[in-house]
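S.K.: work31.cif (mmCIF, C-alpha atoms) pasted underneath:
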data_my_file
loop_
_atom_site.label_atom_id
_atom_site.label_comp_id
_atom_site.auth_asym_id
_atom_site.auth_seq_id
_atom_site.Cartn_x
_atom_site.Cartn_y
_atom_site.Cartn_z
CA GLU A 1 -13.45 19.68 -16.54
CA LEU A 2 -13.02 18.07 -13.13
CA ARG A 3 -9.29 18.75 -13.08
CA ARG A 4 -9.84 22.45 -13.81
CA VAL A 5 -12.16 22.73 -10.80
CA VAL A 6 -9.67 20.93 -8.55
CA ILE A 7 -6.78 23.12 -9.70
CA ALA A 8 -8.85 26.28 -9.23
CA ALA A 9 -9.52 25.16 -5.65
CA GLY A 10 -5.76 24.92 -5.06
CA LEU A 11 -5.90 21.22 -4.16
CA LEU A 12 -2.78 20.23 -6.10
CA LYS A 13 -0.54 22.73 -4.31
CA ARG A 14 2.18 21.32 -2.04
CA ARG A 15 1.58 21.32 1.73
CA TYR A 16 5.03 21.32 3.31
CA ALA A 17 3.91 22.26 6.83
CA TYR A 18 1.40 19.40 6.89
CA TYR A 19 3.93 16.80 5.78
CA LEU A 20 6.53 18.12 8.22
CA ALA A 21 4.06 17.75 11.08
CA ARG A 22 2.79 14.37 9.91
CA SER A 23 6.28 12.98 9.33
CA SER A 24 7.37 14.24 12.77
CA ILE A 25 4.52 12.32 14.41
CA CYS A 26 5.34 9.14 12.48
CA PHE A 27 9.05 9.21 13.28
CA ALA A 28 8.29 10.13 16.90
CA LEU A 29 6.20 6.93 17.16
CA LEU A 30 9.12 4.95 15.75
CA ILE A 31 11.59 6.48 18.21
CA LEU A 32 9.15 5.93 21.09
CA ALA A 33 8.78 2.24 20.22
CA LEU A 34 12.54 1.77 20.05
CA ALA A 35 13.08 3.67 23.31
CA LEU A 36 10.46 1.61 25.13
CA SER A 37 12.23 -1.58 24.10
CA PHE A 38 15.16 -0.56 26.29
CA VAL A 39 13.24 0.68 29.34
CA LEU A 40 10.19 -1.56 29.73
CA PRO A 41 10.45 -4.87 31.62
CA THR A 42 11.53 -7.79 29.44
CA ARG A 43 8.23 -9.61 29.64
CA VAL A 44 6.31 -11.09 26.75
CA GLY A 45 3.33 -8.79 27.28
CA TRP A 46 5.42 -5.63 27.08
CA THR A 47 7.27 -6.96 24.04
CA VAL A 48 3.93 -7.50 22.30
CA VAL A 49 2.93 -3.90 23.07
CA ILE A 50 6.24 -2.63 21.66
CA ALA A 51 5.88 -4.80 18.53
CA ILE A 52 2.37 -3.43 17.90
CA LEU A 53 3.53 0.17 18.29
CA LEU A 54 6.58 -0.45 16.11
CA GLY A 55 4.56 -2.16 13.37
CA PHE A 56 2.05 0.71 13.40
CA ALA A 57 4.87 3.28 13.16
CA LEU A 58 6.51 1.42 10.25
CA VAL A 59 3.28 1.49 8.23
CA GLN A 60 2.64 5.15 9.02
CA ILE A 61 6.15 5.97 7.78
CA ALA A 62 5.55 3.83 4.68
CA LEU A 63 2.42 5.89 3.98
CA ILE A 64 4.59 9.03 3.95
CA GLY A 65 6.83 7.21 1.48
CA HIS A 66 3.73 6.32 -0.55
CA ASP A 67 2.88 10.00 -0.92
CA ALA A 68 6.48 10.81 -1.80
CA GLY A 69 6.43 8.12 -4.48
CA HIS A 70 3.45 9.88 -6.02
CA LEU A 71 5.40 13.19 -5.98
CA ALA A 72 2.81 14.61 -3.57
CA VAL A 73 5.22 15.97 -0.95
CA PHE A 74 7.80 18.08 -2.82
CA GLN A 75 7.80 19.82 -6.18
CA ASP A 76 11.21 18.33 -6.97
CA SER A 77 11.03 14.66 -8.04
CA ARG A 78 14.46 13.86 -6.61
CA LYS A 79 13.46 15.12 -3.15
CA ASN A 80 10.34 12.96 -3.27
CA TRP A 81 12.40 9.94 -4.29
CA ALA A 82 14.92 10.57 -1.50
CA LEU A 83 12.11 10.73 1.07
CA GLY A 84 10.53 7.61 -0.43
CA GLN A 85 13.81 5.71 -0.15
CA LEU A 86 14.21 6.82 3.46
CA CYS A 87 10.70 5.63 4.36
CA TRP A 88 10.53 2.43 2.33
CA SER A 89 14.07 1.13 1.79
CA LEU A 90 15.87 2.26 4.94
CA ILE A 91 13.10 2.28 7.56
CA GLY A 92 10.69 -0.32 6.19
CA GLY A 93 13.16 -2.63 4.45
CA ILE A 94 10.94 -2.79 1.34
CA GLY A 95 12.70 -1.54 -1.78
CA PHE A 96 11.35 1.85 -2.78
CA TRP A 97 11.97 1.37 -6.50
CA TYR A 98 10.27 -2.03 -6.43
CA TRP A 99 7.25 -0.54 -4.69
CA ASN A 100 7.24 2.53 -6.97
CA ASP A 101 7.31 0.41 -10.13
CA ARG A 102 4.57 -1.95 -8.94
CA HIS A 103 2.35 0.79 -7.54
CA ASN A 104 2.57 3.01 -10.61
CA ARG A 105 1.59 0.07 -12.82
CA HIS A 106 -1.39 -0.51 -10.53
CA HIS A 107 -2.48 3.13 -10.93
CA ALA A 108 -2.02 3.07 -14.71
CA HIS A 109 -3.94 -0.21 -15.18
CA THR A 110 -6.33 -0.31 -12.21
CA ASN A 111 -8.20 -3.64 -12.05
CA ASP A 112 -6.96 -4.67 -15.49
CA VAL A 113 -6.72 -8.46 -15.22
CA ALA A 114 -3.64 -8.66 -17.46
CA GLU A 115 -1.77 -5.54 -16.35
CA ASP A 116 -2.57 -4.62 -12.74
CA PRO A 117 0.07 -6.33 -10.55
CA ASP A 118 -2.23 -6.16 -7.52
CA ILE A 119 -4.80 -8.52 -9.06
CA LYS A 120 -2.87 -10.64 -11.55
CA GLY A 121 -1.17 -12.74 -8.91
CA GLU A 122 2.31 -11.19 -8.85
CA GLY A 123 4.14 -12.17 -5.69
CA LEU A 124 5.71 -15.04 -3.79
CA LEU A 125 2.49 -16.68 -2.59
CA GLY A 126 0.62 -16.73 -5.89
CA ILE A 127 -2.82 -15.70 -4.63
CA ALA A 128 -5.39 -15.40 -7.43
CA PHE A 129 -7.80 -12.47 -7.28
CA THR A 130 -9.93 -13.15 -10.37
CA GLU A 131 -11.33 -16.25 -12.09
CA GLN A 132 -9.81 -15.23 -15.42
CA GLU A 133 -6.34 -14.88 -13.93
CA ALA A 134 -6.73 -18.25 -12.22
CA ALA A 135 -7.84 -19.95 -15.45
CA GLU A 136 -4.73 -18.74 -17.30
CA ARG A 137 -2.27 -20.07 -14.70
CA LYS A 138 0.28 -22.79 -15.35
CA GLY A 139 2.81 -24.75 -13.32
CA TRP A 140 3.13 -24.21 -9.59
CA ARG A 141 0.80 -21.21 -9.66
CA ARG A 142 -1.94 -23.47 -11.01
CA LEU A 143 -1.30 -25.94 -8.20
CA ALA A 144 -1.40 -23.11 -5.64
CA LEU A 145 -5.08 -22.52 -6.41
CA LYS A 146 -5.96 -25.65 -4.40
CA TYR A 147 -4.53 -24.00 -1.29
CA GLN A 148 -5.97 -20.54 -1.85
CA PRO A 149 -7.64 -20.14 1.60
CA LEU A 150 -4.37 -21.02 3.35
CA LEU A 151 -2.41 -18.72 1.05
CA ILE A 152 -4.72 -15.81 1.88
CA VAL A 153 -4.08 -16.32 5.60
CA LEU A 154 -0.34 -16.53 4.98
CA GLY A 155 -0.58 -13.45 2.77
CA LEU A 156 -2.15 -11.49 5.61
CA LEU A 157 0.60 -12.53 8.04
CA LEU A 158 3.58 -12.40 5.67
CA PHE A 159 2.67 -9.41 3.49
CA ALA A 160 5.60 -7.26 4.66
CA PHE A 161 8.12 -10.13 4.62
CA ALA A 162 7.15 -11.10 1.05
CA HIS A 163 7.52 -7.56 -0.25
CA GLN A 164 10.91 -7.24 1.41
CA VAL A 165 12.10 -10.29 -0.53
CA LEU A 166 10.57 -8.98 -3.76
CA GLY A 167 12.23 -5.61 -3.17
CA TRP A 168 15.64 -7.26 -2.93
CA LEU A 169 15.01 -9.32 -6.08
CA PHE A 170 13.87 -6.22 -7.98
CA ALA A 171 16.98 -4.27 -6.92
CA ILE A 172 19.33 -7.08 -7.99
CA ARG A 173 17.60 -8.03 -11.24
CA ARG A 174 16.09 -4.80 -12.54
CA LEU A 175 18.01 -1.80 -11.24
CA ARG A 176 21.25 -0.54 -12.73
CA GLY A 177 23.97 1.98 -11.91
CA ARG A 178 23.73 4.39 -8.99
CA ARG A 179 20.07 3.63 -8.38
CA ARG A 180 20.89 -0.04 -7.85
CA PHE A 181 23.90 0.76 -5.63
CA PHE A 182 21.99 3.06 -3.29
CA GLU A 183 18.94 0.79 -3.12
CA ILE A 184 21.01 -2.23 -2.11
CA MET A 185 23.00 -0.08 0.31
CA LEU A 186 19.83 1.13 2.07
CA LEU A 187 18.29 -2.35 2.20
CA THR A 188 21.55 -3.72 3.61
CA LEU A 189 21.64 -0.94 6.20
CA ASN A 190 18.09 -1.80 7.25
CA THR A 191 19.18 -5.42 7.76
CA LEU A 192 22.25 -4.36 9.74
CA LEU A 193 20.18 -2.11 11.99
CA TRP A 194 17.88 -5.00 12.83
CA ILE A 195 20.88 -7.25 13.51
CA ILE A 196 22.32 -4.64 15.88
CA LEU A 197 18.99 -4.26 17.66
CA ILE A 198 18.63 -8.01 18.07
CA ALA A 199 22.22 -8.25 19.33
CA LEU A 200 21.48 -5.59 21.96
CA LEU A 201 18.06 -6.90 23.03
CA GLY A 202 18.41 -10.64 22.49
CA TRP A 203 15.13 -12.55 22.25
CA ARG A 204 13.14 -9.35 22.76
CA GLY A 205 14.74 -8.04 19.55
CA VAL A 206 13.74 -11.20 17.69
CA GLY A 207 10.19 -10.86 19.01
CA MET A 208 10.09 -7.20 18.01
CA PHE A 209 11.24 -8.02 14.47
CA ILE A 210 8.78 -10.84 13.88
CA GLY A 211 5.91 -9.20 15.76
CA SER A 212 6.26 -5.76 14.19
CA HIS A 213 6.38 -7.24 10.70
CA ILE A 214 3.28 -9.35 11.32
CA VAL A 215 1.49 -6.25 12.66
CA ALA A 216 2.70 -4.24 9.65
CA SER A 217 1.50 -7.02 7.31
CA LEU A 218 -1.99 -7.09 8.84
CA TYR A 219 -2.19 -3.29 8.95
CA LEU A 220 -1.09 -2.87 5.32
CA ALA A 221 -3.57 -5.53 4.19
CA ALA A 222 -6.34 -3.84 6.20
CA ILE A 223 -5.87 -0.45 4.52
CA ILE A 224 -5.20 -1.81 1.02
CA ALA A 225 -7.79 -4.58 0.62
CA PRO A 226 -10.93 -2.37 0.75
CA ASN A 227 -9.73 -0.14 -2.08
CA HIS A 228 -10.39 -2.36 -5.12
CA LYS A 229 -11.19 -5.95 -4.12
CA GLY A 230 -14.73 -6.80 -5.18
CA MET A 231 -14.92 -3.88 -7.60
CA PRO A 232 -15.30 -4.34 -11.38
CA VAL A 233 -12.31 -5.78 -13.24
CA TRP A 234 -11.48 -5.18 -16.88
CA ALA A 235 -10.20 -7.39 -19.68
CA LYS A 236 -7.03 -6.28 -21.41
CA GLY A 237 -7.73 -3.68 -24.07
CA ARG A 238 -11.09 -2.65 -22.61
CA LYS A 239 -11.78 0.91 -23.79
CA LEU A 240 -12.40 3.09 -20.76
CA SER A 241 -11.65 6.71 -20.12
CA PHE A 242 -9.23 7.48 -17.30
CA LEU A 243 -12.12 8.89 -15.26
CA GLU A 244 -14.27 5.78 -15.74
CA ARG A 245 -11.47 3.33 -14.96
CA GLN A 246 -10.45 5.03 -11.72
CA VAL A 247 -13.94 5.75 -10.36
CA LEU A 248 -15.58 2.45 -11.28
CA SER A 249 -12.63 0.36 -10.03
CA SER A 250 -12.18 2.11 -6.67
CA ARG A 251 -14.03 2.17 -3.38
CA ASN A 252 -13.89 4.84 -0.66
CA VAL A 253 -14.10 4.23 3.07
CA ASN A 254 -16.23 6.80 4.91
CA SER A 255 -14.67 10.15 5.69
CA HIS A 256 -13.86 10.44 9.39
CA PRO A 257 -10.85 11.89 11.31
CA ILE A 258 -9.99 8.45 12.73
CA TRP A 259 -10.14 6.71 9.35
CA ASP A 260 -8.25 9.59 7.73
CA PHE A 261 -5.40 9.03 10.19
CA LEU A 262 -5.39 5.22 10.18
CA TYR A 263 -5.72 4.87 6.40
CA GLY A 264 -3.26 7.67 5.65
CA GLY A 265 -5.67 9.17 3.12
CA LEU A 266 -6.18 5.89 1.27
CA ASN A 267 -9.79 5.86 2.44
CA TYR A 268 -10.30 8.52 -0.25
CA GLN A 269 -9.29 5.98 -2.86
CA ILE A 270 -11.35 7.44 -5.71
CA GLU A 271 -9.88 10.91 -5.28
CA HIS A 272 -6.40 9.48 -4.81
CA HIS A 273 -6.63 7.54 -8.07
CA LEU A 274 -7.97 10.51 -9.98
CA PHE A 275 -5.30 12.86 -8.57
CA PRO A 276 -2.37 10.74 -7.30
CA THR A 277 -0.07 13.76 -6.88
CA MET A 278 -2.55 15.50 -4.58
CA PRO A 279 -1.33 15.97 -0.98
CA ARG A 280 -3.43 13.71 1.22
CA VAL A 281 -4.60 16.62 3.40
CA HIS A 282 -6.59 17.88 0.37
CA LEU A 283 -8.32 14.58 -0.45
CA LYS A 284 -11.29 15.20 1.83
CA GLN A 285 -11.99 18.54 0.17
CA ALA A 286 -11.55 16.93 -3.25
CA ARG A 287 -14.22 14.40 -2.28
CA SER A 288 -16.75 17.23 -1.95
CA ILE A 289 -16.01 18.10 -5.60
CA VAL A 290 -15.61 14.63 -7.10
CA LYS A 291 -18.69 12.98 -5.55
CA PRO A 292 -21.29 15.44 -6.96
CA PHE A 293 -19.39 15.51 -10.26
CA CYS A 294 -19.79 11.74 -10.56
CA ALA A 295 -23.49 12.01 -9.68
CA THR A 296 -23.97 14.63 -12.39
CA HIS A 297 -22.34 12.37 -14.97
CA SER A 298 -24.11 9.17 -13.78
CA LEU A 299 -20.90 7.53 -12.58
CA PRO A 300 -21.39 5.16 -9.61
CA TYR A 301 -19.41 6.45 -6.61
CA GLU A 302 -18.98 3.71 -4.01
CA GLU A 303 -18.33 4.73 -0.41
CA VAL A 304 -18.93 2.47 2.58
CA SER A 305 -17.97 2.06 6.23
CA PRO A 306 -14.77 0.15 7.12
CA ILE A 307 -16.79 -2.86 8.39
CA ALA A 308 -18.89 -2.94 5.23
CA SER A 309 -15.77 -2.78 3.06
CA TYR A 310 -14.22 -5.77 4.84
CA ARG A 311 -17.46 -7.70 4.47
CA MET A 312 -17.37 -7.01 0.72
CA VAL A 313 -13.76 -8.15 0.47
CA PHE A 314 -14.56 -11.33 2.43
CA ALA A 315 -17.62 -11.97 0.25
CA GLU A 316 -15.49 -11.59 -2.90
CA PHE A 317 -12.88 -14.06 -1.67
CA THR A 318 -15.66 -16.48 -0.67
CA ARG A 319 -17.23 -16.19 -4.13
CA LEU A 320 -13.86 -16.72 -5.80
CA ARG A 321 -13.06 -19.73 -3.58
CA ARG A 322 -16.36 -21.38 -4.53
CA ALA A 323 -15.82 -20.63 -8.20
CA LEU A 324 -12.32 -22.14 -8.11
CA SER A 325 -13.65 -25.20 -6.25
CA VAL A 326 -16.26 -25.78 -8.96
CA GLU A 327 -13.66 -25.32 -11.68
CA GLY A 328 -11.22 -27.67 -9.91
#
Can you present the structure in this file as structure tokens?
M.R.:
Amino acid sequence: ELRRVVIAAGLLKRRYAYYLARSSICFALLILALALSFVLPTRVGWTVVIAILLGFALVQIALIGHDAGHLAVFQDSRKNWALGQLCWSLIGGIGFWYWNDRHNRHHAHTNDVAEDPDIKGEGLLGIAFTEQEAAERKGWRRLALKYQPLLIVLGLLLFAFAHQVLGWLFAIRRLRGRRRFFEIMLLTLNTLLWIILIALLGWRGVGMFIGSHIVASLYLAAIIAPNHKGMPVWAKGRKLSFLERQVLSSRNVNSHPIWDFLYGGLNYQIEHHLFPTMPRVHLKQARSIVKPFCATHSLPYEEVSPIASYRMVFAEFTRLRRALSVEG
């Protein structure tokens, strides 16, 4: 019923002009950051400014790749995949096929303790996001629970670095044929481009690499964490309709032009999870349909300010830390 209303409103139609304009802005920011690195004085302060701008541009480009991975940009899947590889593998250095596999599993099993990779502790740092997942751990991941607060801080700072490593491992271990060849080629090219930049700029290049990736890590964490952390989680096999799983497990951040730009549409997390192929420019309009629909069907629809969302995430990690301390 909801999907019919959304289709009738034309909200699943492609928006090529929007994505052309948005992509142009994102790549212009990237080019600006790189150009400034060659013209601004080689002082630490200016290098920090460049690193912040570059990290911001990398995440904005990754968000275009996110939409392409959901087939929201083009009608043709191959064109979406090509754009996704450009944004993720070549520009961001994070394997597109790794991200696509992980993210699609997250959408299919949102907040499922056993199946959602975003809450079951997949990754290099082994952060636990639920008590059940923590209780089932063995080996080094069990030991890592004692250092959870430190791991969360490291996760915030090293988010982009960790996913780059995981992208390489996924390409080597899981991909085959042409897909594997092109993924490794693009990731290698990303590495070579950074090596060339560092060779040209010296220590400023090193600072730009480390600083931009820390900024990208913090930025990615800031726009991802509010979406599901602290929302209900589900045991494996829990019988829920698609509508219930996506609405009850997701949290929106208030609609506002600034948040829409900074979050890249992910502030409309409920609408995005219900209609992942929807162009992000339509998500705000979809909200005006989905929110009253949920009210009519007595489905809780959570939407809060950015500050409130971060408080909820912090409160959830605090609760989990205390629970793990008691268990330990």
S.K.: Give me, as a ChimeraX atom specification, all polymer residues having an atom no more than 12 Å from Val48 (chain A), counting all atoms listed in the file and skipping those fewer than 3 positions away in the same chain.
M.R.: /A:33,36-37,40-45,51-55,204-215
S.K.: Which residues fall under the PyMOL selection byres ((chain A and resi 232) around 7) in this file, as a list in words?
M.R.: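 Answer for the PyMOL selection byres ((chain A and resi 232) around 7): Gly230, Met231, Val233, Trp234, Leu248 and Ser249 of chain A.
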S.K.: Write out, as a tab-separated table, each residue of region 89-116 of chain A that has an atom at most 10 Å from region 256-278 of chain A, together with the closest pair of atoms and their distance in Å to one decimal, counting only C-alpha atoms, rows going by chain and rising number.
M.R.:
residue	atom	partner	partner_atom	distance
A:Asn104	CA	A:Pro276	CA	9.8
A:His106	CA	A:His273	CA	9.9
A:His107	CA	A:His273	CA	6.7
A:Ala108	CA	A:His273	CA	9.2
A:Thr110	CA	A:His273	CA	8.9
S.K.: Using all atoms listed in the file, find all polymer residues with an atom at most 10 Å away from the point (10.1, 6.1, 2.5); report them as a VMD selection string.
M.R.: chain A and resid 58 60 to 69 80 to 96
S.K.: In Å, rounded to a single decimal, give me how far CA of Pro279 (chain A) is from CA of Arg14 (chain A).
M.R.: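 Here the two named atoms are 6.5 Å from each other.
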S.K.: Box in all listed atoms of region 160-179 of chain A, axis-aligned, with 6 Å more on each side; write out centre and edge lengths in Å to one decimal as JSON.
M.R.:
{"center_x": 14.8, "center_y": -3.4, "center_z": -4.0, "size_x": 30.4, "size_y": 27.5, "size_z": 29.4}
S.K.: Given the file shown, enumerate the residues that the PyMOL selection byres ((chain A and resi 286-301) around 9) captures and present them as a PyMOL selection string.
M.R.: chain A and resi 2+5-6+9+11+244+247-248+250-252+268+270-271+282-285+302-303
S.K.: Grab the CA of Val59 (chain A) to CA of His228 (chain A) distance for me, in Å with one decimal place.
M.R.: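 Pair CA of Val59 (chain A) / CA of His228 (chain A) returns 19.5 Å.
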S.K.: Go ahead and compute the interatomic distance for CA of Ile119 (chain A) and CA of Ala171 (chain A), in Å to one decimal.
M.R.: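 Spanning CA of Ile119 (chain A) to CA of Ala171 (chain A) is a straight-line distance of 22.3 Å.
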S.K.: What would the selection look like, as a ChimeraX atom specification, if the PyMOL selection byres ((chain A and resi 310) around 12) were run on the coordinates I just shared?
M.R.: /A:221-230,251-253,304-309,311-317
S.K.: Using only C-alpha atoms, which protein or nucleic acid residues come within 6 Å of Ala57 (chain A)? Drop anything in the same chain fewer than 4 positions from it, and give the result as a PyMOL selection string.
M.R.: chain A and resi 26+29-30
S.K.: Would you save the residues from that selection as an mmCIF file, in the frame of the given file, using C-alpha atoms?
M.R.:
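Resulting contents of result.cif:
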data_model
loop_
_atom_site.group_PDB
_atom_site.id
_atom_site.type_symbol
_atom_site.label_atom_id
_atom_site.label_comp_id
_atom_site.auth_asym_id
_atom_site.auth_seq_id
_atom_site.Cartn_x
_atom_site.Cartn_y
_atom_site.Cartn_z
ATOM 1 C CA CYS A 26 5.340 9.140 12.480
ATOM 2 C CA LEU A 29 6.200 6.930 17.160
ATOM 3 C CA LEU A 30 9.120 4.950 15.750
#
S.K.: Which residue gives the smallest distance to Ser23 (chain A) among A:Thr188, A:Val73, A:Trp99, A:Ile50, with all atoms listed in the file counted?
M.R.: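 Going through A:Thr188, A:Val73, A:Trp99, A:Ile50 one by one, the smallest distance to Ser23 (chain A) is for A:Val73.
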